[in-house]
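**Student:** So here's entry18.cif, just mmCIF, C-alpha atoms:
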```
data_start
loop_
_atom_site.label_atom_id
_atom_site.label_comp_id
_atom_site.auth_asym_id
_atom_site.auth_seq_id
_atom_site.Cartn_x
_atom_site.Cartn_y
_atom_site.Cartn_z
CA MET C 1 107.42 102.03 37.67
CA LYS C 2 104.61 103.86 35.79
CA GLU C 3 106.27 107.20 36.57
CA LEU C 4 109.52 105.90 35.08
CA ILE C 5 107.82 104.81 31.86
CA LYS C 6 105.84 108.03 31.36
CA ASN C 7 108.41 110.62 32.40
CA LYS C 8 110.98 111.44 29.68
CA ASN C 9 113.43 113.02 32.13
CA LEU C 10 113.37 109.92 34.31
CA LYS C 11 114.02 107.75 31.25
CA TYR C 12 117.15 109.73 30.37
CA ILE C 13 118.30 109.75 33.99
CA PHE C 14 117.91 105.98 34.22
CA LEU C 15 119.71 105.50 30.89
CA MET C 16 122.52 107.60 32.31
CA ILE C 17 122.47 105.44 35.46
CA ILE C 18 122.69 102.28 33.32
CA PHE C 19 125.95 103.26 31.59
CA PHE C 20 127.29 104.99 34.72
CA SER C 21 126.76 101.75 36.66
CA ILE C 22 128.08 99.37 33.97
CA SER C 23 131.28 101.43 33.88
CA PHE C 24 131.63 101.30 37.65
CA GLY C 25 130.89 97.57 37.88
CA LEU C 26 133.48 96.75 35.24
CA TRP C 27 136.24 99.03 36.54
CA ASN C 28 135.55 98.51 40.25
CA ASN C 29 135.90 94.75 39.80
CA PHE C 30 139.31 94.99 38.13
CA ARG C 31 140.90 98.25 39.31
CA LEU C 32 142.75 96.62 42.22
CA LEU C 33 144.19 94.03 39.84
CA TRP C 34 145.05 96.85 37.40
CA LEU C 35 147.00 98.52 40.20
CA GLU C 36 148.66 95.24 41.15
CA GLU C 37 149.63 94.65 37.51
CA ASN C 38 151.25 98.09 37.53
CA GLY C 39 153.61 96.90 40.29
CA LEU C 40 151.84 98.12 43.44
CA SER C 41 151.76 96.01 46.63
CA SER C 42 148.58 95.29 48.60
CA ASN C 43 149.69 97.80 51.25
CA GLU C 44 150.27 100.51 48.60
CA ILE C 45 146.90 99.73 47.00
CA SER C 46 145.18 100.02 50.39
CA LYS C 47 146.82 103.40 51.02
CA ILE C 48 145.88 104.72 47.56
CA MET C 49 142.27 103.57 47.87
CA SER C 50 141.81 104.90 51.40
CA LEU C 51 143.51 108.21 50.50
CA ALA C 52 141.39 108.56 47.35
CA THR C 53 138.23 107.80 49.35
CA PHE C 54 139.24 110.36 51.97
CA PHE C 55 139.74 113.05 49.33
CA GLY C 56 136.35 112.07 47.94
CA ALA C 57 134.93 112.99 51.32
CA ILE C 58 136.84 116.29 51.35
CA SER C 59 135.48 117.17 47.91
CA ILE C 60 131.97 116.75 49.28
CA ILE C 61 132.64 119.53 51.79
CA PHE C 62 133.59 121.86 48.93
CA ILE C 63 130.47 120.88 46.96
CA SER C 64 128.30 121.49 50.02
CA LEU C 65 129.58 125.08 50.21
CA LYS C 66 129.36 125.95 46.50
CA ILE C 67 126.54 124.00 44.80
CA SER C 68 122.77 124.22 45.21
CA MET C 69 120.02 121.95 43.91
CA THR C 70 119.60 124.40 41.02
CA ASN C 71 123.00 123.33 39.59
CA ILE C 72 122.70 119.60 40.30
CA LYS C 73 122.81 118.58 36.62
CA LYS C 74 125.88 120.74 35.97
CA LEU C 75 127.61 119.18 38.98
CA LEU C 76 126.99 115.66 37.68
CA SER C 77 128.20 116.65 34.20
CA ILE C 78 131.48 118.02 35.58
CA THR C 79 132.16 114.87 37.61
CA LEU C 80 131.61 112.70 34.53
CA LEU C 81 134.05 114.82 32.50
CA ILE C 82 136.70 114.58 35.24
CA ARG C 83 136.38 110.79 35.28
CA ILE C 84 136.54 110.60 31.48
CA ILE C 85 139.79 112.61 31.42
CA SER C 86 141.30 110.60 34.31
CA TYR C 87 140.51 107.27 32.63
CA LEU C 88 141.90 108.46 29.32
CA ILE C 89 145.26 109.29 30.97
CA LEU C 90 145.31 106.00 32.89
CA TYR C 91 144.50 104.05 29.72
CA LEU C 92 147.18 105.74 27.62
CA GLY C 93 149.76 105.50 30.42
CA TYR C 94 149.23 101.79 31.19
CA ASN C 95 152.44 100.30 32.67
CA TYR C 96 154.30 103.62 32.23
CA LEU C 97 152.82 105.97 34.84
CA GLU C 98 154.61 106.63 38.11
CA THR C 99 152.92 105.46 41.31
CA ARG C 100 152.44 109.04 42.49
CA LEU C 101 150.62 110.05 39.31
CA ILE C 102 148.46 106.92 39.44
CA ALA C 103 147.52 107.81 43.01
CA ILE C 104 146.57 111.37 41.96
CA LEU C 105 144.43 110.11 39.08
CA PHE C 106 142.72 107.61 41.37
CA ILE C 107 142.00 110.44 43.78
CA PHE C 108 140.36 112.40 40.95
CA ASP C 109 138.49 109.28 39.85
CA ILE C 110 137.10 108.25 43.23
CA ALA C 111 136.43 111.82 44.37
CA SER C 112 134.50 112.64 41.19
CA TYR C 113 132.66 109.28 41.32
CA THR C 114 131.70 109.90 44.94
CA VAL C 115 130.34 113.37 44.22
CA GLY C 116 128.67 112.25 40.97
CA TYR C 117 127.03 109.22 42.53
CA LEU C 118 125.71 111.30 45.40
CA ALA C 119 124.25 113.84 42.93
CA ILE C 120 122.13 111.24 41.11
CA TYR C 121 119.36 110.86 43.68
CA PRO C 122 119.03 114.62 44.36
CA LEU C 123 118.74 114.98 40.56
CA ILE C 124 115.90 112.45 40.60
CA THR C 125 114.17 114.37 43.40
CA ARG C 126 114.05 117.38 41.07
CA VAL C 127 111.72 115.19 39.01
CA ILE C 128 110.01 112.95 41.60
CA LYS C 129 110.46 111.90 45.24
CA ASP C 130 109.32 108.39 46.11
CA ASP C 131 110.65 105.50 48.25
CA LYS C 132 110.09 102.95 45.47
CA ILE C 133 111.81 105.13 42.85
CA TYR C 134 114.78 105.21 45.23
CA SER C 135 114.76 101.42 45.32
CA TYR C 136 114.35 101.17 41.52
CA ARG C 137 117.32 103.45 41.14
CA LYS C 138 119.40 101.35 43.54
CA LEU C 139 118.36 98.07 41.90
CA THR C 140 119.12 99.49 38.44
CA THR C 141 122.55 100.47 39.75
CA TYR C 142 123.22 97.01 41.17
CA ILE C 143 121.95 95.11 38.11
CA CYS C 144 124.02 97.21 35.71
CA GLN C 145 127.10 96.92 37.90
CA ASP C 146 126.63 93.15 37.58
CA LEU C 147 126.41 93.55 33.81
CA GLY C 148 129.77 95.30 33.98
CA VAL C 149 131.22 92.38 35.93
CA LEU C 150 129.70 89.94 33.41
CA LEU C 151 131.23 91.87 30.55
CA GLY C 152 134.65 91.72 32.19
CA GLY C 153 134.38 88.04 33.00
CA ALA C 154 133.36 87.18 29.46
CA LEU C 155 136.09 89.27 27.83
CA LEU C 156 139.06 88.62 30.15
CA GLY C 157 141.66 86.80 28.07
CA PHE C 158 139.42 86.82 24.98
CA THR C 159 141.39 87.24 21.74
CA ILE C 160 140.43 89.07 18.55
CA GLY C 161 143.24 88.59 16.04
CA ASN C 162 146.37 89.59 17.92
CA TYR C 163 144.50 91.65 20.51
CA ILE C 164 143.98 90.11 23.96
CA PHE C 165 141.49 91.71 26.35
CA ASN C 166 143.24 92.63 29.60
CA TYR C 167 142.59 94.92 32.55
CA ASN C 168 143.50 97.98 30.50
CA SER C 169 140.96 96.98 27.84
CA PHE C 170 138.30 97.22 30.53
CA LEU C 171 139.46 100.73 31.30
CA LEU C 172 138.76 101.66 27.65
CA ILE C 173 135.26 100.10 27.78
CA THR C 174 134.63 101.98 31.03
CA LEU C 175 135.64 105.19 29.31
CA ILE C 176 133.19 104.57 26.45
CA CYS C 177 130.34 103.86 28.91
CA LEU C 178 131.02 107.12 30.75
CA ILE C 179 130.88 109.07 27.49
CA LEU C 180 127.47 107.50 26.75
CA ALA C 181 126.30 108.36 30.29
CA PHE C 182 127.36 111.97 29.71
CA ILE C 183 125.43 112.11 26.41
CA PHE C 184 122.20 110.88 28.05
CA LEU C 185 122.64 113.34 30.92
CA THR C 186 122.74 116.23 28.44
CA LYS C 187 119.24 115.23 27.28
CA VAL C 188 117.73 115.75 30.75
CA LYS C 189 115.75 119.01 30.78
CA LEU C 190 114.92 120.37 34.22
CA ASP C 191 112.44 123.13 34.95
CA GLU C 192 114.61 126.26 34.81
CA LYS C 193 111.93 128.30 36.61
CA VAL C 194 112.48 126.33 39.80
CA TYR C 195 115.25 127.97 41.78
CA TYR C 196 116.81 126.66 44.98
CA GLN C 197 118.69 129.19 47.04
CA ASN C 198 122.11 128.17 48.36
CA ILE C 199 121.72 126.85 51.88
CA SER C 200 124.25 127.99 54.44
CA VAL C 201 126.00 124.92 55.83
CA LYS C 202 126.29 126.66 59.18
CA ASP C 203 122.55 127.39 59.27
CA TYR C 204 121.63 123.87 58.19
CA LEU C 205 123.89 122.31 60.81
CA LYS C 206 121.82 124.15 63.41
CA VAL C 207 118.70 122.54 61.93
CA LEU C 208 120.40 119.15 61.73
CA LYS C 209 121.62 119.37 65.31
CA LYS C 210 118.03 119.47 66.53
CA ASP C 211 117.00 116.32 64.65
CA LYS C 212 118.06 113.30 66.69
CA ILE C 213 116.98 110.83 64.01
CA ASP C 214 119.09 112.46 61.29
CA ASN C 215 122.12 112.61 63.58
CA LEU C 216 121.88 108.95 64.57
CA TYR C 217 121.25 107.96 60.95
CA LEU C 218 124.54 109.62 59.98
CA LEU C 219 126.33 107.74 62.76
CA TYR C 220 124.68 104.53 61.54
CA ILE C 221 126.05 105.22 58.02
CA LEU C 222 129.58 105.84 59.37
CA ILE C 223 129.64 102.65 61.46
CA GLY C 224 128.03 100.55 58.72
CA ASN C 225 130.50 101.65 56.06
CA ILE C 226 133.48 100.99 58.32
CA SER C 227 132.21 97.47 58.98
CA TYR C 228 131.38 96.67 55.35
CA ASN C 229 134.61 98.04 53.89
CA CYS C 230 136.73 96.48 56.61
CA ALA C 231 135.40 93.08 55.49
CA LEU C 232 134.78 93.59 51.77
CA GLY C 233 136.49 96.82 50.71
CA MET C 234 139.32 94.77 49.15
CA GLN C 235 137.23 91.72 48.32
CA MET C 236 138.96 90.94 45.02
CA LEU C 237 142.37 90.80 46.72
CA ILE C 238 140.93 88.66 49.53
CA LEU C 239 139.74 86.14 46.95
CA THR C 240 142.89 86.16 44.83
CA ASN C 241 145.60 86.58 47.51
CA ILE C 242 144.13 84.98 50.65
CA LEU C 243 141.78 82.37 49.16
CA ASP C 244 143.99 81.65 46.11
CA ILE C 245 141.15 82.01 43.59
CA SER C 246 142.01 83.15 40.06
CA SER C 247 140.90 86.61 38.98
CA LYS C 248 138.64 85.12 36.28
CA SER C 249 136.96 82.74 38.74
CA ALA C 250 136.63 85.56 41.27
CA THR C 251 134.98 87.71 38.60
CA PHE C 252 132.36 85.08 37.84
CA TYR C 253 131.83 84.58 41.57
CA PHE C 254 131.07 88.29 42.00
CA LEU C 255 128.84 88.16 38.95
CA LEU C 256 126.84 85.22 40.31
CA MET C 257 126.50 86.87 43.70
CA GLY C 258 125.47 90.14 42.08
CA ILE C 259 122.73 88.44 40.08
CA LEU C 260 121.46 86.50 43.12
CA ALA C 261 121.56 89.66 45.24
CA ASP C 262 119.61 91.59 42.58
CA ILE C 263 116.96 88.88 42.35
CA PHE C 264 116.60 88.78 46.12
CA GLY C 265 116.54 92.59 46.26
CA ILE C 266 113.63 92.68 43.80
CA LEU C 267 111.78 89.91 45.64
CA ALA C 268 112.39 91.64 48.96
CA LEU C 269 110.95 94.90 47.58
CA LYS C 270 107.91 93.20 46.04
CA LYS C 271 107.10 90.21 48.23
CA LEU C 272 109.48 89.52 51.11
CA THR C 273 109.55 92.68 53.22
CA PRO C 274 108.30 91.90 56.75
CA LYS C 275 105.67 94.13 58.30
CA SER C 276 107.98 94.69 61.25
CA ASP C 277 110.91 97.04 60.51
CA TYR C 278 112.77 95.48 63.43
CA LEU C 279 112.61 92.07 61.73
CA THR C 280 113.70 93.66 58.45
CA ILE C 281 116.88 94.98 60.08
CA ILE C 282 117.64 91.59 61.63
CA LEU C 283 117.18 89.90 58.23
CA LYS C 284 119.39 92.51 56.54
CA PHE C 285 122.35 92.55 58.93
CA GLY C 286 122.02 89.55 61.28
CA PRO C 287 123.26 86.78 58.92
CA ARG C 288 126.13 89.02 57.76
CA MET C 289 127.43 89.58 61.29
CA LEU C 290 127.00 85.90 62.16
CA GLY C 291 129.12 84.97 59.13
CA TYR C 292 131.84 87.44 60.13
CA PHE C 293 131.99 86.04 63.68
CA LEU C 294 132.22 82.49 62.35
CA VAL C 295 135.26 83.49 60.27
CA PHE C 296 136.89 84.85 63.42
CA LEU C 297 136.20 81.56 65.24
CA PHE C 298 136.93 79.26 62.29
CA PRO C 299 139.25 81.17 59.88
CA THR C 300 139.22 78.62 57.08
CA LYS C 301 139.06 79.49 53.39
CA GLU C 302 135.65 77.83 53.15
CA MET C 303 134.20 79.82 56.06
CA THR C 304 135.64 83.07 54.69
CA LEU C 305 134.04 82.41 51.31
CA LEU C 306 130.72 81.54 52.99
CA ALA C 307 130.74 84.77 55.02
CA MET C 308 131.49 86.83 51.92
CA THR C 309 128.71 85.04 50.04
CA VAL C 310 126.11 85.77 52.71
CA SER C 311 127.17 89.41 52.96
CA LEU C 312 127.09 90.00 49.20
CA PHE C 313 123.74 88.21 48.87
CA LEU C 314 122.09 90.65 51.27
CA THR C 315 123.67 93.81 49.82
CA THR C 316 120.76 95.07 47.70
CA ALA C 317 117.85 94.06 49.93
CA TYR C 318 115.61 96.36 51.98
CA GLU C 319 117.27 99.68 51.12
CA ASN C 320 113.82 101.25 50.98
CA LYS C 321 113.75 100.56 54.73
CA THR C 322 117.38 101.13 55.67
CA ASP C 323 118.02 104.34 53.69
CA ALA C 324 115.16 105.72 51.56
CA ILE C 325 112.91 106.28 54.54
CA TYR C 326 115.50 108.63 56.08
CA LEU C 327 116.47 110.44 52.88
CA ASN C 328 112.88 111.15 51.85
CA ARG C 329 111.97 112.69 55.22
CA ILE C 330 114.40 115.53 54.40
CA ASP C 331 112.91 118.75 53.01
CA THR C 332 113.68 119.06 49.27
CA LYS C 333 115.55 122.35 49.75
CA TYR C 334 117.96 120.52 52.08
CA GLN C 335 118.14 117.35 49.96
CA LEU C 336 121.48 117.97 48.26
CA LEU C 337 123.15 119.33 51.36
CA PHE C 338 122.01 116.43 53.52
CA SER C 339 123.05 113.97 50.79
CA ASN C 340 126.46 115.66 50.72
CA ILE C 341 126.81 115.34 54.49
CA ARG C 342 125.61 111.73 54.37
CA GLU C 343 128.09 110.88 51.62
CA LEU C 344 130.87 112.71 53.46
CA VAL C 345 130.21 110.59 56.53
CA GLY C 346 129.91 107.44 54.41
CA SER C 347 133.15 108.17 52.55
CA LEU C 348 134.99 108.65 55.82
CA GLY C 349 133.62 105.28 56.91
CA ASN C 350 134.79 103.72 53.64
CA ALA C 351 138.26 105.21 54.03
CA ILE C 352 138.58 104.01 57.63
CA GLY C 353 137.37 100.53 56.68
CA LEU C 354 139.82 100.27 53.78
CA TYR C 355 142.68 101.49 55.96
CA LEU C 356 141.87 98.90 58.62
CA THR C 357 141.79 96.17 55.97
CA GLY C 358 145.24 97.22 54.75
CA ILE C 359 146.62 96.93 58.28
CA LEU C 360 145.01 93.54 58.96
CA PHE C 361 145.51 92.05 55.48
CA VAL C 362 148.83 90.39 56.36
CA PHE C 363 147.18 88.63 59.34
CA GLY C 364 144.53 86.96 57.19
CA SER C 365 140.74 86.85 57.20
CA LYS C 366 140.36 85.99 60.92
CA TYR C 367 141.07 89.50 62.17
CA ILE C 368 139.63 91.32 59.15
CA PHE C 369 136.20 89.76 59.62
CA GLY C 370 136.41 89.68 63.41
CA LEU C 371 136.82 93.44 63.60
CA ALA C 372 134.11 93.96 60.96
CA ALA C 373 131.72 91.87 63.08
CA LEU C 374 132.33 93.89 66.26
CA ILE C 375 131.76 97.17 64.43
CA GLY C 376 128.71 95.72 62.67
CA LEU C 377 127.00 94.92 65.97
CA VAL C 378 127.04 98.63 66.79
CA GLN C 379 125.42 99.32 63.41
CA ILE C 380 122.58 96.87 64.15
CA ALA C 381 121.98 98.44 67.57
CA LEU C 382 121.77 101.91 66.00
CA ALA C 383 119.41 100.69 63.25
CA LEU C 384 117.01 99.18 65.79
CA TYR C 385 117.08 102.30 67.94
CA LEU C 386 116.33 104.46 64.90
CA ILE C 387 113.20 102.41 64.24
CA TYR C 388 112.13 103.00 67.84
CA LEU C 389 112.62 106.76 67.43
CA ARG C 390 110.70 106.82 64.12
CA ASN C 391 107.78 104.94 65.64
CA ASN C 392 107.62 107.41 68.52
CA GLU C 393 107.81 110.32 66.07
CA ARG C 394 104.76 108.97 64.21
CA LYS C 395 102.80 108.70 67.47
CA ILE C 396 103.56 112.34 68.28
CA LEU C 397 102.52 113.48 64.79
#
```
What's the structure tokens form of this structure?
**Tutor:**
Amino acid sequence: MKELIKNKNLKYIFLMIIFFSISFGLWNNFRLLWLEENGLSSNEISKIMSLATFFGAISIIFISLKISMTNIKKLLSITLLIRIISYLILYLGYNYLETRLIAILFIFDIASYTVGYLAIYPLITRVIKDDKIYSYRKLTTYICQDLGVLLGGALLGFTIGNYIFNYNSFLLITLICLILAFIFLTKVKLDEKVYYQNISVKDYLKVLKKDKIDNLYLLYILIGNISYNCALGMQMLILTNILDISSKSATFYFLLMGILADIFGILALKKLTPKSDYLTIILKFGPRMLGYFLVFLFPTKEMTLLAMTVSLFLTTAYENKTDAIYLNRIDTKYQLLFSNIRELVGSLGNAIGLYLTGILFVFGSKYIFGLAALIGLVQIALALYLIYLRNNERKIL
């Protein structure tokens, strides 16, 4: 935290993260309902979201080939500008745009968000590399996403004169937040004397192939994202369409869970992290998988809500142990490329999870959460095995 206070570049990066995250929290909470209000069915929404996520993964391949750590700030700037333009068109074309054009704009939005989000931590590593800074960054992201949800919940249906805040109003607020994020990013001044040569993907894949831990970590990311997005990738529609909860009530539910998850995430980082990494993994994923299995066995609305609550509560906890420890073992010159590959794998997992949800949505929560639980067990097994490999690596060193 001292580094964050003293370092001007870190301050501007974190201010950028604040507005970047508020915009995402607000829009992410309501974008499915925005699509539904524009006449799209749940199946069409699932296809658009999975397709957009897939193209986000494809864009990462292109970035991996063309961008080095030297140009990381420029990359993030471009992604913000693409999102600003996309949101402006969506806002102005509310209720008038054709489904195909909406799908294209969502592809631009999610692809540029995916690339931009992945560029943030490599940008931070140009300034400092530290496990706790990684967690501070993640917690800042989560807290500000919750602020975005709070803003939406407070304003939904609010009237000023003849103007009523609706889903499209939130798109305008999101647009303003992104502009502010772009302004703060322009104030970040990196050391221009530091130059990172472009890394050949082919050459790095040879290096990556030899590292068993990195390979299994990528598989762990793929499996984990499939499981999470299968269960919660369309969480707003699950609450409103399957559990019959109003969008406003669902918004405040997500807000409450976000706040509780943030508090627990901070406590976990400061006070509640077990000495055993094995126990940490069980605490992180065990209750989530148990909740999913209970929904499969007892597919009631109450059990579904309970499983979602447990899963969301644990979202922000222990990421210094589940992710940072693997990212920070990567050599700085490979940081962006590995982050690109990691995000590519994660995006593919997201897309697969969303697609599976779309298929199972008509059958209800029983099969959605049942499949997520089966896939999640594989994730836990991989996480525990990775700890075993890391411990052996330390002994050798």
**Student:** Choose the residue, out of C:Tyr117, C:Tyr12, C:Phe20, C:Tyr167, that has the smallest atom-to-atom separation from Leu32 of chain C; count only C-alpha atoms.
**Tutor:**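 Ranked by minimum distance to Leu32 of chain C, first place goes to C:Tyr167.
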**Student:** List the neighbours of Phe313 of chain C out to 9 Å using all atoms listed in the file; skip same-chain residues closer than 5 positions along the sequence, and give me the result as a PyMOL selection string.
**Tutor:** chain C and resi 257-262+264-265+308
**Student:** Using all atoms listed in the file, find the one residue out of C:Tyr334, C:Met69, C:Asn392, C:Lys74 that sits nearest to Leu208 of chain C.
**Tutor:**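 Looking at the shortest contact to Leu208 of chain C, the residue is C:Tyr334.
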**Student:** What residues come out when you apply the PyMOL selection byres ((chain C and resi 374-389) around 9) to this file, written as a PyMOL selection string?
**Tutor:** chain C and resi 212-213+216-217+219-224+226-228+277-278+281-282+285-286+288-289+292-293+322+369-373+390-394
**Student:** Check the smallest atom-to-atom distance from each of C:Leu190, C:Trp34, C:Tyr113, C:Ala57 to Gly349 of chain C using all atoms listed in the file, then report the winner.
**Tutor:**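 Smallest distance to Gly349 of chain C is found for C:Ala57.
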**Student:** To verify the selection step, state as JSON, numbers by chain which residues the PyMOL selection byres ((chain C and resi 152) around 12) yields on this input.
**Tutor:** {"C": [22, 23, 24, 25, 26, 27, 28, 29, 30, 31, 145, 146, 147, 148, 149, 150, 151, 153, 154, 155, 156, 157, 158, 165, 166, 167, 168, 169, 170, 171, 172, 173, 174, 247, 248, 249, 250, 251, 252, 254, 255]}
**Student:** Using only C-alpha atoms, can you tell me which of C:Thr304, C:Ser246, C:Thr53, C:Asn71 comes closest to Leu290 of chain C?
**Tutor:** C:Thr304
**Student:** Evaluating the PyMOL selection byres ((chain C and resi 37-52) around 7) on the displayed file yields which residues, as a list in words?
**Tutor:**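 So the PyMOL selection byres ((chain C and resi 37-52) around 7) ends up selecting Leu33, Trp34, Leu35, Glu36, Thr53, Phe54, Phe55, Gly56, Asn95, Ala103, Phe106, Ile107, Ile110, Ala111, Ala351, Leu354, Tyr355 and Gly358 of chain C.
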**Student:** Rounded to one decimal, what separation in Å do you get between atom CA of Leu306 of chain C and atom CA of Lys366 of chain C?
**Tutor:**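 Computed distance, atom CA of Leu306 of chain C to atom CA of Lys366 of chain C, equals 13.3 Å.
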